[in-house]
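Have a look at protein-v2.cif; it's mmCIF, N, CA and C atoms:
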data_model
#
loop_
_atom_site.label_atom_id
_atom_site.label_comp_id
_atom_site.auth_asym_id
_atom_site.auth_seq_id
_atom_site.Cartn_x
_atom_site.Cartn_y
_atom_site.Cartn_z
N ASN A 1 62.70 121.88 135.08
CA ASN A 1 61.71 121.18 135.89
C ASN A 1 60.35 121.29 135.23
N ASP A 2 59.58 120.23 135.37
CA ASP A 2 58.28 120.23 134.69
C ASP A 2 57.10 120.22 135.65
N ASP A 3 57.31 120.69 136.90
CA ASP A 3 56.15 120.76 137.79
C ASP A 3 55.23 121.89 137.30
N ARG A 4 53.97 121.80 137.65
CA ARG A 4 52.95 122.72 137.12
C ARG A 4 53.30 124.19 137.37
N LEU A 5 53.78 124.51 138.56
CA LEU A 5 54.09 125.90 138.89
C LEU A 5 55.23 126.42 138.02
N ASN A 6 56.26 125.61 137.83
CA ASN A 6 57.38 126.04 137.00
C ASN A 6 56.95 126.23 135.55
N VAL A 7 56.13 125.33 135.03
CA VAL A 7 55.65 125.47 133.65
C VAL A 7 54.79 126.73 133.54
N GLU A 8 53.95 126.98 134.53
CA GLU A 8 53.11 128.19 134.53
C GLU A 8 53.97 129.45 134.53
N ARG A 9 54.98 129.48 135.37
CA ARG A 9 55.88 130.65 135.43
C ARG A 9 56.68 130.81 134.14
N THR A 10 57.08 129.69 133.57
CA THR A 10 57.80 129.75 132.30
C THR A 10 56.91 130.32 131.20
N GLY A 11 55.66 129.86 131.14
CA GLY A 11 54.71 130.39 130.16
C GLY A 11 54.48 131.88 130.35
N ALA A 12 54.32 132.31 131.59
CA ALA A 12 54.11 133.74 131.88
C ALA A 12 55.32 134.56 131.44
N PHE A 13 56.53 134.04 131.69
CA PHE A 13 57.73 134.73 131.26
C PHE A 13 57.82 134.80 129.74
N LEU A 14 57.58 133.67 129.07
CA LEU A 14 57.66 133.66 127.62
C LEU A 14 56.64 134.59 126.99
N GLU A 15 55.50 134.74 127.64
CA GLU A 15 54.46 135.63 127.13
C GLU A 15 54.95 137.09 127.10
N THR A 16 55.88 137.46 127.97
CA THR A 16 56.41 138.82 127.99
C THR A 16 57.42 139.07 126.88
N LEU A 17 57.93 138.00 126.29
CA LEU A 17 58.91 138.12 125.21
C LEU A 17 58.15 138.17 123.89
N LYS A 18 57.91 139.34 123.41
CA LYS A 18 57.02 139.54 122.26
C LYS A 18 57.49 138.83 121.00
N ARG A 19 58.76 138.52 120.89
CA ARG A 19 59.25 137.84 119.69
C ARG A 19 59.15 136.33 119.79
N VAL A 20 58.86 135.80 120.97
CA VAL A 20 58.73 134.36 121.14
C VAL A 20 57.27 133.98 120.92
N ARG A 21 57.05 133.17 119.88
CA ARG A 21 55.69 132.74 119.56
C ARG A 21 55.57 131.23 119.50
N ARG A 22 56.72 130.56 119.54
CA ARG A 22 56.72 129.11 119.40
C ARG A 22 57.65 128.50 120.44
N VAL A 23 57.23 127.38 121.00
CA VAL A 23 58.03 126.64 121.97
C VAL A 23 58.08 125.18 121.53
N ASP A 24 59.27 124.63 121.48
CA ASP A 24 59.44 123.22 121.15
C ASP A 24 59.81 122.49 122.43
N ILE A 25 58.98 121.53 122.81
CA ILE A 25 59.27 120.70 123.98
C ILE A 25 60.02 119.48 123.48
N LEU A 26 61.24 119.34 123.95
CA LEU A 26 62.06 118.22 123.52
C LEU A 26 62.16 117.24 124.69
N PRO A 27 61.55 116.08 124.56
CA PRO A 27 61.61 115.10 125.64
C PRO A 27 63.05 114.70 125.95
N TYR A 28 63.31 114.40 127.21
CA TYR A 28 64.63 113.96 127.64
C TYR A 28 65.00 112.65 126.94
N HIS A 29 66.25 112.54 126.60
CA HIS A 29 66.79 111.28 126.08
C HIS A 29 68.15 111.07 126.73
N ASP A 30 68.62 109.86 126.70
CA ASP A 30 69.89 109.57 127.37
C ASP A 30 71.04 109.30 126.40
N VAL A 31 71.04 109.99 125.28
CA VAL A 31 72.09 109.81 124.29
C VAL A 31 73.46 110.14 124.89
N MET A 32 73.50 111.13 125.76
CA MET A 32 74.77 111.51 126.35
C MET A 32 75.40 110.39 127.17
N ALA A 33 74.59 109.54 127.78
CA ALA A 33 75.13 108.45 128.59
C ALA A 33 76.03 107.55 127.74
N SER A 34 75.58 107.21 126.54
CA SER A 34 76.40 106.35 125.68
C SER A 34 77.67 107.09 125.21
N LYS A 35 77.56 108.39 124.98
CA LYS A 35 78.75 109.16 124.59
C LYS A 35 79.76 109.19 125.73
N TYR A 36 79.28 109.37 126.96
CA TYR A 36 80.18 109.36 128.11
C TYR A 36 80.89 108.02 128.21
N ARG A 37 80.13 106.92 128.07
CA ARG A 37 80.74 105.58 128.14
C ARG A 37 81.80 105.42 127.06
N ARG A 38 81.49 105.89 125.86
CA ARG A 38 82.43 105.75 124.74
C ARG A 38 83.75 106.46 125.02
N PHE A 39 83.69 107.60 125.73
CA PHE A 39 84.91 108.34 126.06
C PHE A 39 85.53 107.89 127.39
N GLY A 40 84.88 106.94 128.07
CA GLY A 40 85.40 106.46 129.34
C GLY A 40 85.13 107.41 130.50
N TRP A 41 84.17 108.32 130.33
CA TRP A 41 83.83 109.28 131.38
C TRP A 41 82.68 108.73 132.23
N THR A 42 82.56 109.24 133.43
CA THR A 42 81.46 108.86 134.32
C THR A 42 80.26 109.76 134.05
N PHE A 43 79.13 109.16 133.76
CA PHE A 43 77.88 109.92 133.55
C PHE A 43 77.18 109.99 134.90
N ARG A 44 77.34 111.09 135.61
CA ARG A 44 76.89 111.22 136.99
C ARG A 44 75.40 111.44 137.15
N LEU A 45 74.72 111.81 136.10
CA LEU A 45 73.29 112.07 136.23
C LEU A 45 72.52 110.80 136.57
N GLY A 46 72.97 109.69 136.05
CA GLY A 46 72.28 108.44 136.32
C GLY A 46 71.06 108.29 135.43
N PRO A 47 70.32 107.21 135.62
CA PRO A 47 69.14 106.99 134.77
C PRO A 47 68.03 107.98 135.08
N VAL A 48 67.50 108.57 134.04
CA VAL A 48 66.37 109.49 134.16
C VAL A 48 65.24 108.93 133.31
N PRO A 49 64.12 108.61 133.92
CA PRO A 49 63.02 108.05 133.13
C PRO A 49 62.43 109.12 132.20
N PRO A 50 62.08 108.74 130.99
CA PRO A 50 61.47 109.72 130.08
C PRO A 50 60.09 110.12 130.59
N ALA A 51 59.69 111.33 130.24
CA ALA A 51 58.36 111.83 130.63
C ALA A 51 57.29 111.04 129.89
N GLU A 52 56.20 110.82 130.56
CA GLU A 52 55.06 110.14 129.94
C GLU A 52 54.46 111.05 128.86
N PRO A 53 54.02 110.49 127.74
CA PRO A 53 53.40 111.31 126.69
C PRO A 53 52.26 112.18 127.21
N ALA A 54 51.47 111.68 128.15
CA ALA A 54 50.36 112.47 128.70
C ALA A 54 50.89 113.69 129.44
N ARG A 55 52.04 113.56 130.11
CA ARG A 55 52.61 114.71 130.82
C ARG A 55 53.12 115.74 129.83
N LEU A 56 53.74 115.31 128.76
CA LEU A 56 54.21 116.24 127.73
C LEU A 56 53.02 116.98 127.10
N GLN A 57 51.94 116.27 126.87
CA GLN A 57 50.73 116.88 126.32
C GLN A 57 50.18 117.93 127.30
N ASP A 58 50.19 117.61 128.57
CA ASP A 58 49.71 118.54 129.60
C ASP A 58 50.56 119.81 129.61
N ILE A 59 51.86 119.66 129.51
CA ILE A 59 52.76 120.82 129.47
C ILE A 59 52.47 121.65 128.22
N ALA A 60 52.29 120.99 127.09
CA ALA A 60 51.98 121.70 125.84
C ALA A 60 50.69 122.50 125.99
N GLU A 61 49.69 121.91 126.62
CA GLU A 61 48.43 122.62 126.82
C GLU A 61 48.60 123.80 127.76
N GLN A 62 49.38 123.62 128.82
CA GLN A 62 49.63 124.73 129.75
C GLN A 62 50.29 125.90 129.03
N LEU A 63 51.32 125.62 128.26
CA LEU A 63 52.02 126.69 127.55
C LEU A 63 51.16 127.28 126.45
N GLY A 64 50.32 126.47 125.83
CA GLY A 64 49.44 126.96 124.78
C GLY A 64 48.47 128.01 125.28
N ARG A 65 48.13 127.96 126.56
CA ARG A 65 47.22 128.97 127.13
C ARG A 65 47.84 130.36 127.15
N PHE A 66 49.15 130.44 126.92
CA PHE A 66 49.82 131.73 126.88
C PHE A 66 49.97 132.24 125.45
N GLY A 67 49.21 131.65 124.54
CA GLY A 67 49.23 132.11 123.15
C GLY A 67 50.43 131.63 122.36
N LEU A 68 51.06 130.57 122.81
CA LEU A 68 52.24 130.04 122.14
C LEU A 68 51.86 128.86 121.26
N LEU A 69 52.54 128.73 120.14
CA LEU A 69 52.44 127.53 119.32
C LEU A 69 53.42 126.54 119.94
N VAL A 70 52.94 125.41 120.39
CA VAL A 70 53.77 124.45 121.12
C VAL A 70 53.89 123.16 120.32
N THR A 71 55.10 122.67 120.20
CA THR A 71 55.33 121.38 119.56
C THR A 71 56.05 120.46 120.54
N ILE A 72 55.78 119.19 120.41
CA ILE A 72 56.48 118.16 121.19
C ILE A 72 57.24 117.31 120.20
N GLY A 73 58.53 117.45 120.20
CA GLY A 73 59.34 116.67 119.28
C GLY A 73 58.91 116.82 117.83
N GLY A 74 58.34 117.99 117.48
CA GLY A 74 57.93 118.28 116.12
C GLY A 74 56.46 118.08 115.83
N ASP A 75 55.67 117.58 116.80
CA ASP A 75 54.24 117.41 116.60
C ASP A 75 53.52 118.68 117.03
N SER A 76 52.73 119.28 116.15
CA SER A 76 52.06 120.54 116.45
C SER A 76 50.90 120.34 117.42
N HIS A 77 50.80 121.22 118.40
CA HIS A 77 49.72 121.21 119.39
C HIS A 77 49.16 122.62 119.49
N GLU A 78 48.81 123.19 118.35
CA GLU A 78 48.31 124.57 118.33
C GLU A 78 46.93 124.64 118.98
N ARG A 79 46.71 125.66 119.73
CA ARG A 79 45.43 125.88 120.42
C ARG A 79 44.65 126.97 119.70
N SER A 80 43.34 126.91 119.77
CA SER A 80 42.49 127.88 119.09
C SER A 80 42.72 129.28 119.62
N HIS A 81 43.15 129.43 120.86
CA HIS A 81 43.40 130.76 121.41
C HIS A 81 44.86 131.18 121.23
N SER A 82 45.62 130.42 120.45
CA SER A 82 47.01 130.74 120.19
C SER A 82 47.12 131.99 119.35
N GLN A 83 48.13 132.80 119.62
CA GLN A 83 48.38 134.00 118.83
C GLN A 83 49.26 133.70 117.62
N ALA A 84 49.82 132.52 117.56
CA ALA A 84 50.71 132.15 116.46
C ALA A 84 49.89 131.79 115.23
N PRO A 85 50.31 132.20 114.05
CA PRO A 85 49.57 131.86 112.83
C PRO A 85 49.63 130.37 112.56
N ALA A 86 48.54 129.84 112.03
CA ALA A 86 48.41 128.39 111.77
C ALA A 86 49.38 127.94 110.69
N SER A 87 49.81 128.82 109.79
CA SER A 87 50.67 128.41 108.69
C SER A 87 52.14 128.34 109.07
N GLN A 88 52.48 128.66 110.32
CA GLN A 88 53.86 128.65 110.75
C GLN A 88 54.38 127.22 110.79
N PRO A 89 55.62 126.96 110.23
CA PRO A 89 56.15 125.58 110.22
C PRO A 89 56.49 125.10 111.61
#
Would you mind writing the file out in structure tokens?
Amino acid sequence: NDDRLNVERTGAFLETLKRVRRVDILPYHDVMASKYRRFGWTFRLGPVPPAEPARLQDIAEQLGRFGLLVTIGGDSHERSHSQAPASQP
């Protein structure tokens, strides 16, 4: 879930994991729907609209406040207060 409270709690939890310094936000895609159709299975989730780029950016900024290096689909969104080194891939 991507509501503000859940993202905040997730960031607080990740901050306690000293080995976690980077988070990759992977936007939802519906590739599985076509795979289900190909196998003749019912895809029960139904259509899920993709997140707006502004919402993904907002989530990245929220998580960045916890000192995490955050990427969205591979795009770096490092924050000046991040604890992650800038040279990290």
For the structure I just gave you, how does DSSP split chain A - specifically, which residues are alpha helix (DSSP H)? Reply as number ranges by chain.
A: 4-16, 31-39, 53-64
I'd like to see the residues matched by the PyMOL selection byres ((chain A and resi 12-29) around 7) on this file, and ideally I'd get them as a ChimeraX atom specification.
/A:7-11,30-33,49-51,66-74,83-84
Interatomic distance between atom CA of A:Leu56 and atom CA of A:Phe43?
25.2 Å
Atom-to-atom span, atom CA of A:Leu63 and atom CA of A:Val48, Å:
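Taking atom CA of A:Leu63 as the start and atom CA of A:Val48 as the end point, the length is 23.4 Å.
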Determine which residues of stretch 2-64 of chain A receive a DSSP assignment of strand (DSSP E or B), computed from the backbone, and state them as an MDAnalysis selection string.
chainID A and resid 22:25
Export, as an mmCIF file, in the coordinates of the input, the selected residues with N, CA and C atoms.
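Result file follows (again_2.cif):
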data_model
loop_
_atom_site.group_PDB
_atom_site.id
_atom_site.type_symbol
_atom_site.label_atom_id
_atom_site.label_comp_id
_atom_site.auth_asym_id
_atom_site.auth_seq_id
_atom_site.Cartn_x
_atom_site.Cartn_y
_atom_site.Cartn_z
ATOM 1 N N ARG A 22 56.720 130.560 119.540
ATOM 2 C CA ARG A 22 56.720 129.110 119.400
ATOM 3 C C ARG A 22 57.650 128.500 120.440
ATOM 4 N N VAL A 23 57.230 127.380 121.000
ATOM 5 C CA VAL A 23 58.030 126.640 121.970
ATOM 6 C C VAL A 23 58.080 125.180 121.530
ATOM 7 N N ASP A 24 59.270 124.630 121.480
ATOM 8 C CA ASP A 24 59.440 123.220 121.150
ATOM 9 C C ASP A 24 59.810 122.490 122.430
ATOM 10 N N ILE A 25 58.980 121.530 122.810
ATOM 11 C CA ILE A 25 59.270 120.700 123.980
ATOM 12 C C ILE A 25 60.020 119.480 123.480
#
In Å, rounded to a single decimal, give me how far atom CA of A:Ile59 is from atom CA of A:Asp2.
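Taking atom CA of A:Asp2 as the start and atom CA of A:Ile59 as the end point, the length is 7.6 Å.
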Generate the coordinates of all heavy atoms for stretch 17-28 of chain A; report them as an mmCIF file, in the frame of the given file.
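Saved result, selection12.cif, follows:
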data_model
loop_
_atom_site.group_PDB
_atom_site.id
_atom_site.type_symbol
_atom_site.label_atom_id
_atom_site.label_comp_id
_atom_site.auth_asym_id
_atom_site.auth_seq_id
_atom_site.Cartn_x
_atom_site.Cartn_y
_atom_site.Cartn_z
ATOM 1 N N LEU A 17 57.930 138.000 126.290
ATOM 2 C CA LEU A 17 58.910 138.120 125.210
ATOM 3 C C LEU A 17 58.150 138.170 123.890
ATOM 4 O O LEU A 17 57.780 137.150 123.335
ATOM 5 C CB LEU A 17 59.881 136.934 125.246
ATOM 6 C CG LEU A 17 60.622 136.720 126.558
ATOM 7 C CD1 LEU A 17 61.472 135.447 126.485
ATOM 8 C CD2 LEU A 17 61.474 137.922 126.915
ATOM 9 N N LYS A 18 57.910 139.340 123.410
ATOM 10 C CA LYS A 18 57.020 139.540 122.260
ATOM 11 C C LYS A 18 57.490 138.830 121.000
ATOM 12 O O LYS A 18 56.686 138.553 120.118
ATOM 13 C CB LYS A 18 56.844 141.038 121.977
ATOM 14 C CG LYS A 18 56.219 141.774 123.147
ATOM 15 C CD LYS A 18 54.891 141.174 123.526
ATOM 16 C CE LYS A 18 54.306 141.857 124.739
ATOM 17 N NZ LYS A 18 53.310 141.071 125.407
ATOM 18 N N ARG A 19 58.760 138.520 120.890
ATOM 19 C CA ARG A 19 59.250 137.840 119.690
ATOM 20 C C ARG A 19 59.150 136.330 119.790
ATOM 21 O O ARG A 19 59.379 135.622 118.818
ATOM 22 C CB ARG A 19 60.687 138.257 119.419
ATOM 23 C CG ARG A 19 60.779 139.761 119.106
ATOM 24 C CD ARG A 19 62.127 140.114 118.673
ATOM 25 N NE ARG A 19 62.383 139.430 117.419
ATOM 26 C CZ ARG A 19 63.075 139.925 116.420
ATOM 27 N NH1 ARG A 19 63.588 141.114 116.526
ATOM 28 N NH2 ARG A 19 63.266 139.228 115.328
ATOM 29 N N VAL A 20 58.860 135.800 120.970
ATOM 30 C CA VAL A 20 58.730 134.360 121.140
ATOM 31 C C VAL A 20 57.270 133.980 120.920
ATOM 32 O O VAL A 20 56.382 134.416 121.635
ATOM 33 C CB VAL A 20 59.181 133.907 122.554
ATOM 34 C CG1 VAL A 20 58.916 132.427 122.755
ATOM 35 C CG2 VAL A 20 60.650 134.234 122.758
ATOM 36 N N ARG A 21 57.050 133.170 119.880
ATOM 37 C CA ARG A 21 55.690 132.740 119.560
ATOM 38 C C ARG A 21 55.570 131.230 119.500
ATOM 39 O O ARG A 21 54.490 130.691 119.430
ATOM 40 C CB ARG A 21 55.278 133.348 118.222
ATOM 41 C CG ARG A 21 55.237 134.870 118.293
ATOM 42 C CD ARG A 21 55.090 135.527 116.970
ATOM 43 N NE ARG A 21 54.020 134.964 116.185
ATOM 44 C CZ ARG A 21 53.640 135.422 115.030
ATOM 45 N NH1 ARG A 21 54.227 136.478 114.518
ATOM 46 N NH2 ARG A 21 52.677 134.846 114.351
ATOM 47 N N ARG A 22 56.720 130.560 119.540
ATOM 48 C CA ARG A 22 56.720 129.110 119.400
ATOM 49 C C ARG A 22 57.650 128.500 120.440
ATOM 50 O O ARG A 22 58.714 129.028 120.719
ATOM 51 C CB ARG A 22 57.198 128.738 118.005
ATOM 52 C CG ARG A 22 57.268 127.260 117.781
ATOM 53 C CD ARG A 22 57.723 126.966 116.382
ATOM 54 N NE ARG A 22 57.933 125.521 116.239
ATOM 55 C CZ ARG A 22 57.892 124.900 115.116
ATOM 56 N NH1 ARG A 22 57.678 125.566 113.991
ATOM 57 N NH2 ARG A 22 58.083 123.612 115.058
ATOM 58 N N VAL A 23 57.230 127.380 121.000
ATOM 59 C CA VAL A 23 58.030 126.640 121.970
ATOM 60 C C VAL A 23 58.080 125.180 121.530
ATOM 61 O O VAL A 23 57.040 124.596 121.216
ATOM 62 C CB VAL A 23 57.418 126.736 123.387
ATOM 63 C CG1 VAL A 23 58.159 125.845 124.353
ATOM 64 C CG2 VAL A 23 57.405 128.171 123.874
ATOM 65 N N ASP A 24 59.270 124.630 121.480
ATOM 66 C CA ASP A 24 59.440 123.220 121.150
ATOM 67 C C ASP A 24 59.810 122.490 122.430
ATOM 68 O O ASP A 24 60.822 122.789 123.058
ATOM 69 C CB ASP A 24 60.556 123.039 120.116
ATOM 70 C CG ASP A 24 60.227 123.698 118.797
ATOM 71 O OD1 ASP A 24 59.082 123.542 118.339
ATOM 72 O OD2 ASP A 24 61.097 124.376 118.235
ATOM 73 N N ILE A 25 58.980 121.530 122.810
ATOM 74 C CA ILE A 25 59.270 120.700 123.980
ATOM 75 C C ILE A 25 60.020 119.480 123.480
ATOM 76 O O ILE A 25 59.511 118.722 122.653
ATOM 77 C CB ILE A 25 57.975 120.264 124.691
ATOM 78 C CG1 ILE A 25 57.229 121.489 125.207
ATOM 79 C CG2 ILE A 25 58.300 119.302 125.828
ATOM 80 C CD1 ILE A 25 55.870 121.157 125.771
ATOM 81 N N LEU A 26 61.240 119.340 123.950
ATOM 82 C CA LEU A 26 62.060 118.220 123.520
ATOM 83 C C LEU A 26 62.160 117.240 124.690
ATOM 84 O O LEU A 26 62.781 117.550 125.705
ATOM 85 C CB LEU A 26 63.449 118.702 123.100
ATOM 86 C CG LEU A 26 63.443 119.712 121.956
ATOM 87 C CD1 LEU A 26 64.855 120.198 121.676
ATOM 88 C CD2 LEU A 26 62.812 119.115 120.721
ATOM 89 N N PRO A 27 61.550 116.080 124.560
ATOM 90 C CA PRO A 27 61.610 115.100 125.640
ATOM 91 C C PRO A 27 63.050 114.700 125.950
ATOM 92 O O PRO A 27 63.902 114.647 125.062
ATOM 93 C CB PRO A 27 60.818 113.912 125.107
ATOM 94 C CG PRO A 27 59.984 114.472 124.006
ATOM 95 C CD PRO A 27 60.770 115.616 123.430
ATOM 96 N N TYR A 28 63.310 114.400 127.210
ATOM 97 C CA TYR A 28 64.630 113.960 127.640
ATOM 98 C C TYR A 28 65.000 112.650 126.940
ATOM 99 O O TYR A 28 64.165 111.776 126.746
ATOM 100 C CB TYR A 28 64.665 113.759 129.159
ATOM 101 C CG TYR A 28 65.980 113.204 129.634
ATOM 102 C CD1 TYR A 28 67.080 114.032 129.796
ATOM 103 C CD2 TYR A 28 66.140 111.843 129.863
ATOM 104 C CE1 TYR A 28 68.298 113.532 130.196
ATOM 105 C CE2 TYR A 28 67.362 111.321 130.262
ATOM 106 C CZ TYR A 28 68.438 112.172 130.433
ATOM 107 O OH TYR A 28 69.641 111.665 130.821
#
